[in-house]
>>> print(open('final-v5.cif').read())   # mmCIF, C-alpha atoms
data_query
#
loop_
_atom_site.label_atom_id
_atom_site.label_comp_id
_atom_site.auth_asym_id
_atom_site.auth_seq_id
_atom_site.Cartn_x
_atom_site.Cartn_y
_atom_site.Cartn_z
CA MET A 1 80.82 52.65 85.61
CA LYS A 2 80.02 51.11 88.98
CA VAL A 3 82.35 50.93 92.00
CA LEU A 4 81.47 49.03 95.18
CA LEU A 5 83.11 49.81 98.52
CA THR A 6 82.79 46.91 100.94
CA ASN A 7 83.62 46.08 104.56
CA ILE A 8 83.67 49.75 105.55
CA LYS A 9 84.53 49.98 109.24
CA GLU A 10 82.22 53.00 109.56
CA LEU A 11 80.43 55.06 106.92
CA LEU A 12 79.99 58.65 108.11
CA GLN A 13 77.46 61.41 107.42
CA VAL A 14 74.78 59.03 106.13
CA TRP A 15 71.42 60.60 105.33
CA GLU A 16 68.41 59.36 103.37
CA ASP A 17 67.34 63.00 103.09
CA SER A 18 70.21 65.34 103.93
CA PRO A 19 69.49 68.66 105.67
CA ALA A 20 70.81 71.83 104.05
CA LYS A 21 72.78 72.66 107.19
CA ILE A 22 73.18 71.51 110.78
CA SER A 23 72.92 73.93 113.71
CA GLY A 24 73.42 74.12 117.46
CA ALA A 25 73.14 70.94 119.53
CA ALA A 26 72.40 68.87 116.42
CA MET A 27 76.02 69.40 115.34
CA LYS A 28 77.06 66.90 118.03
CA GLU A 29 75.23 64.18 116.09
CA LEU A 30 76.86 62.32 113.20
CA PRO A 31 74.77 59.57 111.58
CA THR A 32 76.89 56.54 110.66
CA ILE A 33 76.65 52.90 109.60
CA LYS A 34 79.18 50.40 110.94
CA ASN A 35 80.34 47.48 108.79
CA ALA A 36 78.88 49.12 105.71
CA TRP A 37 78.96 49.09 101.93
CA LEU A 38 78.62 51.94 99.43
CA LEU A 39 77.74 51.68 95.75
CA VAL A 40 78.86 54.35 93.31
CA GLU A 41 77.40 54.56 89.83
CA ASP A 42 79.05 56.94 87.37
CA ASP A 43 79.54 60.17 89.36
CA ARG A 44 76.77 59.61 91.93
CA ILE A 45 76.11 57.73 95.15
CA ALA A 46 73.70 54.97 94.14
CA ASP A 47 73.12 53.05 97.37
CA PHE A 48 74.55 52.04 100.75
CA GLY A 49 73.77 49.88 103.74
CA LYS A 50 75.01 47.28 106.20
CA MET A 51 77.22 44.45 104.91
CA GLU A 52 74.80 41.89 106.30
CA ASN A 53 72.15 43.21 103.91
CA LEU A 54 74.35 43.38 100.81
CA THR A 55 73.02 41.26 97.96
CA GLU A 56 75.34 40.04 95.23
CA LEU A 57 76.15 42.83 92.80
CA GLN A 58 77.94 42.57 89.47
CA VAL A 59 80.35 45.48 89.43
CA PRO A 60 83.61 45.97 87.50
CA GLU A 61 85.49 47.35 90.51
CA THR A 62 85.34 46.56 94.22
CA ILE A 63 87.37 48.33 96.92
CA ASP A 64 87.84 46.46 100.19
CA CYS A 65 87.68 49.05 103.00
CA THR A 66 88.39 46.70 105.91
CA GLY A 67 89.50 48.74 108.93
CA ARG A 68 88.87 52.01 107.10
CA ILE A 69 86.47 54.90 107.64
CA VAL A 70 84.62 56.35 104.64
CA LEU A 71 83.23 59.88 104.74
CA PRO A 72 82.18 62.66 102.34
CA ALA A 73 85.01 64.63 100.77
CA TRP A 74 85.74 67.93 102.49
CA CYS A 75 83.92 71.07 101.33
CA ASP A 76 86.31 74.04 101.62
CA SER A 77 84.17 77.17 101.34
CA HIS A 78 86.84 79.88 101.71
CA THR A 79 90.12 79.95 99.77
CA HIS A 80 92.37 82.24 97.75
CA LEU A 81 93.97 79.30 95.94
CA VAL A 82 94.71 81.25 92.75
CA TYR A 83 97.77 83.37 93.54
CA ALA A 84 101.30 83.95 92.26
CA GLY A 85 104.53 83.12 94.09
CA ASN A 86 104.61 83.12 97.87
CA ARG A 87 105.32 85.38 100.86
CA GLU A 88 107.78 83.39 102.94
CA GLN A 89 109.81 86.53 103.73
CA GLU A 90 106.80 87.99 105.54
CA PHE A 91 106.64 84.77 107.55
CA VAL A 92 110.18 85.50 108.72
CA ASP A 93 109.27 89.16 109.37
CA ARG A 94 106.46 88.08 111.68
CA ILE A 95 108.82 85.78 113.57
CA ASN A 96 111.05 88.83 114.00
CA GLY A 97 108.21 90.79 115.59
CA LEU A 98 106.29 92.60 112.85
CA SER A 99 102.50 92.39 112.95
CA TYR A 100 100.25 91.57 109.99
CA GLN A 101 99.22 95.23 109.85
CA GLU A 102 102.84 96.50 110.03
CA ILE A 103 103.84 94.24 107.15
CA ALA A 104 100.93 95.59 105.11
CA GLU A 105 101.98 99.18 105.84
CA LYS A 106 105.46 98.37 104.45
CA GLY A 107 103.92 97.37 101.12
CA GLY A 108 103.70 93.70 102.01
CA GLY A 109 100.62 91.62 102.54
CA ILE A 110 97.89 91.70 99.91
CA LEU A 111 99.67 94.44 97.93
CA ASN A 112 102.76 92.24 97.65
CA SER A 113 100.69 89.39 96.25
CA ALA A 114 98.89 91.76 93.88
CA LYS A 115 102.16 93.02 92.39
CA LYS A 116 103.38 89.45 91.80
CA LEU A 117 100.09 88.40 90.26
CA GLN A 118 99.89 91.37 87.93
CA ASN A 119 103.33 90.43 86.57
CA THR A 120 102.47 86.73 86.14
CA SER A 121 101.05 85.42 82.88
CA GLU A 122 97.65 83.76 82.91
CA GLU A 123 99.20 80.47 81.79
CA ASP A 124 101.80 80.51 84.57
CA LEU A 125 99.15 81.48 87.12
CA TYR A 126 97.03 78.55 85.98
CA HIS A 127 99.85 76.03 86.37
CA GLN A 128 100.81 77.31 89.83
CA SER A 129 97.19 77.14 90.96
CA ALA A 130 96.57 73.71 89.37
CA SER A 131 99.45 72.28 91.38
CA ARG A 132 97.84 73.53 94.61
CA LEU A 133 94.44 72.20 93.59
CA GLU A 134 95.86 68.74 92.87
CA GLU A 135 97.45 68.69 96.31
CA VAL A 136 94.24 69.53 98.19
CA MET A 137 92.27 67.00 96.13
CA ARG A 138 94.69 64.29 97.26
CA LEU A 139 94.09 65.48 100.84
CA GLY A 140 90.36 64.90 100.44
CA THR A 141 88.84 68.18 99.24
CA GLY A 142 85.99 67.59 96.80
CA ALA A 143 84.46 71.07 96.60
CA ILE A 144 86.24 74.40 96.91
CA GLU A 145 85.52 78.10 96.69
CA ILE A 146 88.17 80.32 95.05
CA LYS A 147 88.27 84.11 95.43
CA SER A 148 89.91 86.80 93.38
CA GLY A 149 91.37 89.76 95.30
CA TYR A 150 95.08 89.57 94.54
CA GLY A 151 94.68 91.44 91.26
CA LEU A 152 93.41 94.87 92.37
CA THR A 153 93.26 95.98 88.74
CA THR A 154 90.35 95.12 86.49
CA GLU A 155 92.37 92.92 84.15
CA ALA A 156 94.22 91.11 86.95
CA GLU A 157 91.00 90.41 88.84
CA LEU A 158 89.40 89.02 85.69
CA LYS A 159 92.54 86.95 85.04
CA MET A 160 92.26 85.31 88.47
CA LEU A 161 88.61 84.44 87.95
CA ARG A 162 89.28 83.05 84.46
CA VAL A 163 91.95 80.79 85.94
CA ALA A 164 89.57 79.59 88.67
CA LYS A 165 86.87 78.86 86.09
CA LYS A 166 89.36 76.94 83.93
CA LEU A 167 90.38 74.83 86.92
CA GLY A 168 86.71 73.98 87.44
CA LYS A 169 86.42 72.75 83.84
CA ASN A 170 89.61 70.69 83.92
CA TYR A 171 89.39 68.98 87.31
CA PRO A 172 86.76 66.67 88.89
CA VAL A 173 86.13 69.02 91.80
CA ALA A 174 83.27 71.48 92.29
CA ILE A 175 84.66 75.03 92.14
CA LYS A 176 82.70 78.14 93.11
CA THR A 177 84.17 81.53 92.25
CA THR A 178 83.98 84.76 94.25
CA PHE A 179 84.82 88.30 93.16
CA LEU A 180 86.86 90.02 95.90
CA GLY A 181 87.95 93.25 94.23
CA ALA A 182 87.59 95.04 97.59
CA HIS A 183 90.41 93.12 99.27
CA ALA A 184 92.81 96.03 99.79
CA LEU A 185 93.42 99.53 98.47
CA PRO A 186 95.95 99.56 95.61
CA VAL A 187 99.01 101.84 95.96
CA GLU A 188 97.88 104.05 93.10
CA PHE A 189 94.63 104.77 94.97
CA LYS A 190 96.25 105.67 98.28
CA GLY A 191 94.21 108.52 99.75
CA ASN A 192 91.49 107.95 97.16
CA LYS A 193 89.41 105.04 98.40
CA GLU A 194 86.28 106.47 96.81
CA GLY A 195 88.02 106.38 93.45
CA TYR A 196 88.83 102.69 93.88
CA LEU A 197 85.32 101.90 95.09
CA ASP A 198 84.01 103.60 91.95
CA MET A 199 86.24 101.33 89.86
CA VAL A 200 85.09 98.20 91.72
CA CYS A 201 81.42 99.12 91.34
CA ASN A 202 81.35 100.74 87.90
CA GLU A 203 84.08 98.87 86.01
CA MET A 204 84.99 95.56 87.67
CA LEU A 205 81.54 94.35 88.70
CA PRO A 206 79.92 94.83 85.27
CA LYS A 207 82.76 92.97 83.53
CA VAL A 208 82.74 90.11 86.04
CA ALA A 209 78.98 89.78 85.55
CA LYS A 210 79.13 90.10 81.75
CA ASP A 211 81.64 87.24 81.47
CA ARG A 212 79.89 85.20 84.18
CA LEU A 213 83.13 84.78 86.08
CA ALA A 214 81.73 84.71 89.62
CA GLU A 215 78.68 83.62 91.56
CA TYR A 216 79.60 85.43 94.76
CA VAL A 217 80.94 88.80 95.84
CA ASP A 218 83.19 89.42 98.84
CA VAL A 219 84.56 92.43 100.75
CA PHE A 220 87.33 92.62 103.35
CA CYS A 221 85.34 94.56 105.96
CA GLU A 222 88.05 95.56 108.44
CA GLU A 223 89.79 98.61 109.91
CA GLY A 224 92.36 99.89 107.44
CA TYR A 225 90.61 98.15 104.55
CA PHE A 226 86.90 98.66 103.83
CA SER A 227 84.29 100.03 106.22
CA VAL A 228 80.78 98.79 106.90
CA GLU A 229 79.52 101.64 104.71
CA ASP A 230 81.89 100.61 101.90
CA THR A 231 80.67 97.05 102.26
CA ASP A 232 77.05 98.17 102.06
CA ARG A 233 77.77 100.07 98.85
CA ILE A 234 79.54 97.16 97.13
CA LEU A 235 76.96 94.56 98.16
CA SER A 236 74.13 96.83 97.04
CA GLU A 237 75.78 97.29 93.66
CA ALA A 238 76.55 93.57 93.33
CA LYS A 239 72.89 92.74 93.92
CA LYS A 240 72.10 94.34 90.56
CA TYR A 241 74.17 91.57 88.96
CA SER A 242 72.68 88.78 91.12
CA LEU A 243 76.00 88.17 92.89
CA ILE A 244 75.49 86.61 96.34
CA PRO A 245 77.50 88.09 99.27
CA LYS A 246 80.15 86.17 101.24
CA ILE A 247 82.19 88.58 103.35
CA HIS A 248 85.45 88.69 105.33
CA VAL A 249 84.50 90.21 108.67
CA ASN A 250 85.56 90.48 112.33
CA GLN A 251 89.08 89.17 111.74
CA PHE A 252 90.72 91.81 113.94
CA THR A 253 87.89 94.13 114.99
CA ALA A 254 84.09 94.06 115.36
CA LEU A 255 82.70 96.89 113.25
CA GLY A 256 79.10 95.79 112.74
CA GLY A 257 79.92 94.05 109.48
CA ILE A 258 78.13 90.84 110.47
CA ALA A 259 74.80 92.64 110.81
CA MET A 260 75.46 94.26 107.43
CA GLY A 261 76.12 90.86 105.90
CA VAL A 262 72.88 89.49 107.33
CA LYS A 263 71.01 92.54 106.06
CA HIS A 264 72.23 91.68 102.54
CA HIS A 265 71.36 87.98 103.00
CA ALA A 266 75.02 86.94 102.83
CA LEU A 267 75.45 83.21 102.29
CA SER A 268 78.33 83.29 104.77
CA VAL A 269 80.30 85.59 107.04
CA ASP A 270 83.89 84.40 107.39
CA HIS A 271 86.71 84.75 109.96
CA LEU A 272 84.82 85.94 113.10
CA GLU A 273 87.90 85.72 115.33
CA VAL A 274 86.45 88.70 117.23
CA LEU A 275 82.81 88.30 118.15
CA THR A 276 80.31 90.32 120.21
CA ASP A 277 76.89 89.47 121.66
CA ASP A 278 75.34 91.76 119.05
CA ASP A 279 77.04 89.76 116.29
CA ILE A 280 75.53 86.54 117.60
CA LYS A 281 72.09 88.14 117.85
CA ALA A 282 72.40 89.34 114.26
CA LEU A 283 73.11 85.79 113.08
CA GLN A 284 70.31 84.14 115.05
CA GLY A 285 67.27 83.62 112.88
CA SER A 286 69.19 84.32 109.68
CA ASP A 287 70.19 81.97 106.83
CA THR A 288 73.81 83.19 106.95
CA MET A 289 76.49 80.60 107.73
CA PRO A 290 79.31 81.59 110.12
CA VAL A 291 82.64 80.25 108.80
CA ALA A 292 85.73 79.73 110.96
CA LEU A 293 89.27 79.58 109.55
CA PRO A 294 91.33 78.01 112.36
CA SER A 295 94.53 77.47 110.38
CA CYS A 296 94.67 81.25 109.78
CA SER A 297 94.55 81.80 113.54
CA TYR A 298 97.25 79.14 113.96
CA PHE A 299 99.55 80.73 111.39
CA LEU A 300 99.10 84.35 112.50
CA SER A 301 98.89 83.59 116.25
CA ILE A 302 95.62 85.49 116.57
CA PRO A 303 92.51 84.41 118.52
CA TYR A 304 90.44 81.50 117.25
CA THR A 305 86.83 81.95 116.21
CA PRO A 306 84.70 81.19 119.30
CA GLY A 307 83.01 78.27 117.60
CA ARG A 308 81.86 76.79 120.89
CA GLN A 309 79.97 80.03 121.64
CA LEU A 310 78.36 80.08 118.19
CA ILE A 311 77.19 76.47 118.37
CA ASP A 312 75.96 76.82 121.95
CA ALA A 313 73.91 79.82 120.78
CA GLY A 314 72.06 77.46 118.43
CA LEU A 315 73.91 78.56 115.31
CA PRO A 316 75.51 76.49 112.57
CA LEU A 317 79.26 76.63 111.88
CA ALA A 318 81.36 75.78 108.84
CA LEU A 319 85.12 75.25 108.66
CA ALA A 320 87.39 76.27 105.79
CA THR A 321 91.11 76.69 105.12
CA ASP A 322 91.50 80.32 103.95
CA TYR A 323 94.28 78.92 101.71
CA ASN A 324 96.36 81.96 100.69
CA PRO A 325 100.02 83.01 100.50
CA GLY A 326 100.03 85.43 103.43
CA SER A 327 98.03 84.15 106.37
CA THR A 328 97.33 80.48 105.58
CA PRO A 329 99.67 78.84 103.06
CA SER A 330 97.90 75.50 103.43
CA GLY A 331 94.76 73.96 101.98
CA ASN A 332 94.80 70.94 104.28
CA MET A 333 91.25 70.47 105.55
CA ASN A 334 92.36 67.57 107.73
CA PHE A 335 94.51 69.99 109.73
CA VAL A 336 91.59 72.45 109.89
CA VAL A 337 89.30 69.79 111.36
CA ALA A 338 91.95 68.78 113.90
CA THR A 339 92.71 72.39 114.87
CA ALA A 340 89.01 73.11 115.36
CA CYS A 341 88.88 70.26 117.87
CA ILE A 342 92.17 71.06 119.59
CA LYS A 343 91.94 74.87 119.76
CA MET A 344 88.24 75.68 119.35
CA LYS A 345 86.99 72.78 121.50
CA LEU A 346 84.67 71.36 118.86
CA THR A 347 83.87 67.68 119.16
CA PRO A 348 84.95 65.45 116.24
CA GLU A 349 81.29 65.19 115.23
CA GLU A 350 80.88 68.98 115.19
CA ALA A 351 84.08 69.48 113.22
CA ILE A 352 83.15 66.87 110.60
CA ASN A 353 79.67 68.38 110.24
CA ALA A 354 81.27 71.83 109.86
CA ALA A 355 83.67 70.61 107.15
CA THR A 356 81.13 68.62 105.13
CA ILE A 357 77.41 69.49 105.20
CA ASN A 358 77.87 73.04 106.49
CA GLY A 359 80.82 73.69 104.20
CA ALA A 360 78.67 72.63 101.25
CA TYR A 361 75.91 75.01 102.41
CA ALA A 362 78.42 77.89 102.53
CA MET A 363 79.07 77.30 98.81
CA GLY A 364 75.49 76.75 97.72
CA LEU A 365 76.18 73.03 97.17
CA SER A 366 73.77 71.48 99.67
CA GLU A 367 71.90 69.57 96.96
CA THR A 368 74.96 67.77 95.60
CA HIS A 369 77.76 67.66 98.19
CA GLY A 370 78.56 67.24 101.87
CA SER A 371 76.89 63.95 102.80
CA ILE A 372 76.48 60.30 101.90
CA THR A 373 73.06 60.57 100.30
CA LYS A 374 71.66 58.76 97.27
CA GLY A 375 71.91 60.97 94.20
CA LYS A 376 74.64 63.22 95.57
CA LYS A 377 78.07 63.41 93.98
CA ALA A 378 80.25 60.38 94.69
CA ASN A 379 82.97 62.38 96.42
CA VAL A 380 84.37 60.35 99.31
CA ILE A 381 87.48 59.91 101.43
CA ILE A 382 88.71 56.43 102.32
CA THR A 383 91.00 56.64 105.34
CA LYS A 384 93.89 54.41 106.22
CA GLU A 385 93.18 51.77 108.85
CA ILE A 386 92.28 53.74 111.99
CA PRO A 387 90.49 52.85 115.24
CA SER A 388 87.70 55.46 114.97
CA TYR A 389 86.79 58.75 113.32
CA GLY A 390 87.92 60.53 116.47
CA TYR A 391 91.42 59.45 115.48
CA LEU A 392 91.31 61.86 112.50
CA PRO A 393 91.66 65.03 114.63
CA TYR A 394 93.61 63.20 117.36
CA ALA A 395 96.50 62.20 115.07
CA PHE A 396 96.68 65.72 113.63
CA GLY A 397 100.20 65.39 112.21
CA SER A 398 99.54 62.25 110.18
CA ASN A 399 98.09 62.02 106.70
CA LEU A 400 95.34 59.45 107.27
CA VAL A 401 93.81 59.73 103.79
CA ASP A 402 94.36 56.54 101.82
CA LYS A 403 92.18 57.06 98.75
CA VAL A 404 89.91 59.78 97.39
CA LEU A 405 87.06 59.32 94.93
CA LEU A 406 85.83 62.42 93.11
CA ASN A 407 82.91 62.15 90.72
CA GLY A 408 83.05 58.41 91.34
CA LYS A 409 86.64 57.95 90.18
CA LEU A 410 89.81 57.35 92.14
CA ILE A 411 92.21 60.25 91.81
#
>>> encode(input="final-v5.cif", output="structure tokens")
Amino acid sequence: MKVLLTNIKELLQVWEDSPAKISGAAMKELPTIKNAWLLVEDDRIADFGKMENLTELQVPETIDCTGRIVLPAWCDSHTHLVYAGNREQEFVDRINGLSYQEIAEKGGGILNSAKKLQNTSEEDLYHQSASRLEEVMRLGTGAIEIKSGYGLTTEAELKMLRVAKKLGKNYPVAIKTTFLGAHALPVEFKGNKEGYLDMVCNEMLPKVAKDRLAEYVDVFCEEGYFSVEDTDRILSEAKKYSLIPKIHVNQFTALGGIAMGVKHHALSVDHLEVLTDDDIKALQGSDTMPVALPSCSYFLSIPYTPGRQLIDAGLPLALATDYNPGSTPSGNMNFVVATACIKMKLTPEEAINAATINGAYAMGLSETHGSITKGKKANVIITKEIPSYGYLPYAFGSNLVDKVLLNGKLI
């Protein structure tokens, strides 16, 4: 099946040979073709170029993109999309003055979500999560990472990962799964963190690996959750099962977790709302991708990741949603890109690079996603008629996505 997009106002992120990631000053550059065409064949990008060079092609479907921008579908490298219910009461509690940590101490937060998930059937959990996935696909997401971490029992963690894997089989979107058993300490292990760590390492990890339910492992390395030493233990154990690290770190405090992530060759270190000079030094020269989650900062009213500082230090940066019921109940990557520009002072070019090529890198999808490159997956966003790509973050409250093609098909 061939589909031809014609009269594209501007085709973004065009590469003959796409880099794995983009870093530092290069993030200000965004290769484009104005007045372009794009040919899709089956589920791949077959060709592209300027309209003036388009020869006559016999294709069953042509989409006229006059006045529209076309760009790669978003690559959302950090989500908790599989969860049960919601936590809107905690939203009200925060408005009334309680902090994220105070809500957690009351039995809310992650423990609240874990209790709901444990009492939700796998079928119901699948349908709730599928509805969310369909929504973010319509908003332009073509690749997404999904973590466990709201189970906190072996069976519930496995249930989450099975649901995520099933979503990947049933929908035309690339899904990467991450085991996050060390997300919080369950109530029954209060005062016995070592006992829970033993369960994560000796019971959960072997079962996750045996059933091939995850490619990555994650730890919430934060005060009140899991220490740098705990993180070291879990990542060391996970290495035995060839699980690649992606860790939550520096959301509220800088503990040295970034250096630990780099030591373990983490694919990404995520959050980074609090950052030190030592953290930046640890990242320089590494292959680890820093990931910012600006809609989490927006929702919790906490500092934003100093993305400008990271980029100016020559580092790459990816953007993701952190879609979850407690701190970011939204998977809208368009809002993330806009917020990165408005609050983190990224240029539109930097934000688009962070949400496409660098997001793909943070999921191990550099070969297939994140750019308009021949042979890559035909995952593209067709915008509504807009004056320029800078209008995408500028008009942050408008849904400017007109059509989305995933695996070469309109959804």
>>> closest_atom_pairs(input="final-v5.cif", of="range 203-306 of chain A", to="range 343-352 of chain A", cutoff="10 Å", atoms="only C-alpha atoms", output="tab-separated table")
residue	atom	partner	partner_atom	distance
A:Ala292	CA	A:Met344	CA	9.6
A:Pro294	CA	A:Met344	CA	8.0
A:Ser297	CA	A:Lys343	CA	9.7
A:Tyr298	CA	A:Lys343	CA	8.9
A:Pro303	CA	A:Lys343	CA	9.6
A:Tyr304	CA	A:Met344	CA	6.6
A:Thr305	CA	A:Met344	CA	7.2
A:Pro306	CA	A:Met344	CA	6.5
>>> residues_around(input="final-v5.cif", residues="Ser286 in chain A", least_positions_apart="2", cutoff="10 Å", atoms="all atoms listed in the file", output="list in words")
Val262, Lys263, His265, Ala266, Leu267, Lys281, Ala282, Leu283, Gln284, Thr288, Met289 and Leu315 of chain A
>>> closest_residue(input="final-v5.cif", among="A:Asp270, A:Glu88, A:Glu134, A:Glu223", to="Asn112 in chain A", atoms="only C-alpha atoms")
A:Glu88
>>> resolve_selection(input="final-v5.cif", expression="the PyMOL selection byres ((chain A and resi 60-63) around 7)", output="count of residues only")
9
>>> closest_residue(input="final-v5.cif", among="A:Ile45, A:Ala184, A:Ala143, A:Leu71", to="Ser113 in chain A", atoms="only C-alpha atoms")
A:Ala184
>>> resolve_selection(input="final-v5.cif", expression="the PyMOL selection byres ((chain A and resi 311) around 10)", output="PyMOL selection string")
chain A and resi 22-28+290+306-310+312-317+346+350
>>> resolve_selection(input="final-v5.cif", expression="the PyMOL selection byres ((chain A and resi 325-330) around 6)", output="mmCIF file with C-alpha atoms, keeping the file's coordinate frame")
data_model
loop_
_atom_site.group_PDB
_atom_site.id
_atom_site.type_symbol
_atom_site.label_atom_id
_atom_site.label_comp_id
_atom_site.auth_asym_id
_atom_site.auth_seq_id
_atom_site.Cartn_x
_atom_site.Cartn_y
_atom_site.Cartn_z
ATOM 1 C CA ASN A 86 104.610 83.120 97.870
ATOM 2 C CA ARG A 87 105.320 85.380 100.860
ATOM 3 C CA CYS A 296 94.670 81.250 109.780
ATOM 4 C CA TYR A 323 94.280 78.920 101.710
ATOM 5 C CA ASN A 324 96.360 81.960 100.690
ATOM 6 C CA GLY A 331 94.760 73.960 101.980
ATOM 7 C CA ASN A 332 94.800 70.940 104.280
#
>>> closest_residue(input="final-v5.cif", among="A:Val14, A:Trp74, A:Ala46, A:Thr321", to="Lys34 in chain A", atoms="only C-alpha atoms")
A:Val14
>>> closest_atom_pairs(input="final-v5.cif", of="range 117-159 of chain A", to="range 186-199 of chain A", cutoff="10 Å", atoms="all atoms listed in the file", output="CSV")
residue,atom,partner,partner_atom,distance
A:Gly151,CA,A:Pro186,CA,9.3
A:Leu152,CA,A:Pro186,CA,6.2
A:Thr153,CA,A:Pro186,CA,8.2
A:Thr154,CA,A:Met199,CA,8.2
>>> atom_distance(input="final-v5.cif", atom1="CA of Leu213 in chain A", atom2="CA of Gly107 in chain A")
28.6 Å
>>> atom_distance(input="final-v5.cif", atom1="CA of Ile302 in chain A", atom2="CA of Asp232 in chain A")
26.8 Å
>>> closest_residue(input="final-v5.cif", among="A:Ile144, A:Ala318, A:Ala182, A:Ala378", to="Ser227 in chain A", atoms="only C-alpha atoms")
A:Ala182
>>> atom_distance(input="final-v5.cif", atom1="CA of Glu367 in chain A", atom2="CA of Ala164 in chain A")
21.9 Å
>>> residues_near_point(input="final-v5.cif", point="(91.2, 49.6, 110.2)", cutoff="7 Å", atoms="all atoms listed in the file", output="list in words")
Lys9, Thr66, Gly67, Arg68, Lys384, Glu385, Ile386 and Pro387 of chain A
>>> closest_residue(input="final-v5.cif", among="A:Glu90, A:Asp124, A:Asp211, A:Asp76", to="Leu139 in chain A", atoms="only C-alpha atoms")
A:Asp76
>>> residues_around(input="final-v5.cif", residues="Ser121 in chain A", least_positions_apart="6", cutoff="12 Å", atoms="only C-alpha atoms", output="ChimeraX atom specification")
/A:83-85,127-128,155-156,159-160,163
>>> residues_around(input="final-v5.cif", residues="Ala320 in chain A", least_positions_apart="3", cutoff="6 Å", atoms="all atoms listed in the file", output="list in words")
Asp76, Ser77, His78 and Leu293 of chain A
>>> closest_residue(input="final-v5.cif", among="A:Phe91, A:Ala36, A:Leu133, A:Asp218", to="Asn170 in chain A", atoms="all atoms listed in the file")
A:Leu133
>>> residues_around(input="final-v5.cif", residues="Gly364 in chain A", least_positions_apart="2", cutoff="12 Å", atoms="all atoms listed in the file", output="compact mmCIF listing (two decimals) with C-alpha atoms, in the frame of the given file")
# COMPACT_ATOMS: atom_id res chain seq x y z
CA ALA A 20 70.81 71.83 104.05
CA LYS A 21 72.78 72.66 107.19
CA CYS A 75 83.92 71.07 101.33
CA ASP A 76 86.31 74.04 101.62
CA SER A 77 84.17 77.17 101.34
CA ALA A 143 84.46 71.07 96.60
CA ILE A 144 86.24 74.40 96.91
CA GLU A 145 85.52 78.10 96.69
CA ALA A 174 83.27 71.48 92.29
CA ILE A 175 84.66 75.03 92.14
CA LYS A 176 82.70 78.14 93.11
CA THR A 177 84.17 81.53 92.25
CA GLU A 215 78.68 83.62 91.56
CA TYR A 216 79.60 85.43 94.76
CA ILE A 244 75.49 86.61 96.34
CA PRO A 245 77.50 88.09 99.27
CA LYS A 246 80.15 86.17 101.24
CA ALA A 266 75.02 86.94 102.83
CA LEU A 267 75.45 83.21 102.29
CA SER A 268 78.33 83.29 104.77
CA ASP A 287 70.19 81.97 106.83
CA THR A 288 73.81 83.19 106.95
CA MET A 289 76.49 80.60 107.73
CA ILE A 357 77.41 69.49 105.20
CA ASN A 358 77.87 73.04 106.49
CA GLY A 359 80.82 73.69 104.20
CA ALA A 360 78.67 72.63 101.25
CA TYR A 361 75.91 75.01 102.41
CA ALA A 362 78.42 77.89 102.53
CA SER A 366 73.77 71.48 99.67
CA GLU A 367 71.90 69.57 96.96
CA THR A 368 74.96 67.77 95.60
CA HIS A 369 77.76 67.66 98.19
CA GLY A 370 78.56 67.24 101.87
>>> decode(input="final-v5.cif", residues="range 340-350 of chain A", atoms="N, CA and C atoms", output="PDB file, in the first residue's frame")
ATOM      1  N   ALA A 340       8.026  23.125  27.299  1.00  0.00           N
ATOM      2  CA  ALA A 340       9.488  23.184  27.269  1.00  0.00           C
ATOM      3  C   ALA A 340       9.962  24.516  26.694  1.00  0.00           C
ATOM      4  N   CYS A 341       9.248  25.017  25.702  1.00  0.00           N
ATOM      5  CA  CYS A 341       9.608  26.320  25.118  1.00  0.00           C
ATOM      6  C   CYS A 341       9.249  27.462  26.066  1.00  0.00           C
ATOM      7  N   ILE A 342       8.057  27.395  26.640  1.00  0.00           N
ATOM      8  CA  ILE A 342       7.550  28.502  27.447  1.00  0.00           C
ATOM      9  C   ILE A 342       8.255  28.589  28.800  1.00  0.00           C
ATOM     10  N   LYS A 343       8.458  27.454  29.450  1.00  0.00           N
ATOM     11  CA  LYS A 343       8.978  27.448  30.822  1.00  0.00           C
ATOM     12  C   LYS A 343      10.456  27.071  30.934  1.00  0.00           C
ATOM     13  N   MET A 344      10.963  26.288  29.985  1.00  0.00           N
ATOM     14  CA  MET A 344      12.356  25.857  30.044  1.00  0.00           C
ATOM     15  C   MET A 344      13.240  26.640  29.084  1.00  0.00           C
ATOM     16  N   LYS A 345      12.610  27.512  28.285  1.00  0.00           N
ATOM     17  CA  LYS A 345      13.331  28.391  27.352  1.00  0.00           C
ATOM     18  C   LYS A 345      14.052  27.622  26.242  1.00  0.00           C
ATOM     19  N   LEU A 346      13.513  26.482  25.849  1.00  0.00           N
ATOM     20  CA  LEU A 346      14.020  25.802  24.667  1.00  0.00           C
ATOM     21  C   LEU A 346      13.467  26.495  23.431  1.00  0.00           C
ATOM     22  N   THR A 347      14.225  26.492  22.356  1.00  0.00           N
ATOM     23  CA  THR A 347      13.707  26.988  21.091  1.00  0.00           C
ATOM     24  C   THR A 347      12.769  25.920  20.510  1.00  0.00           C
ATOM     25  N   PRO A 348      11.882  26.288  19.575  1.00  0.00           N
ATOM     26  CA  PRO A 348      11.037  25.264  18.948  1.00  0.00           C
ATOM     27  C   PRO A 348      11.852  24.140  18.322  1.00  0.00           C
ATOM     28  N   GLU A 349      12.993  24.492  17.708  1.00  0.00           N
ATOM     29  CA  GLU A 349      13.844  23.471  17.097  1.00  0.00           C
ATOM     30  C   GLU A 349      14.371  22.498  18.156  1.00  0.00           C
ATOM     31  N   GLU A 350      14.830  23.030  19.278  1.00  0.00           N
ATOM     32  CA  GLU A 350      15.355  22.177  20.359  1.00  0.00           C
ATOM     33  C   GLU A 350      14.259  21.279  20.915  1.00  0.00           C
TER      34      GLU A 350
END
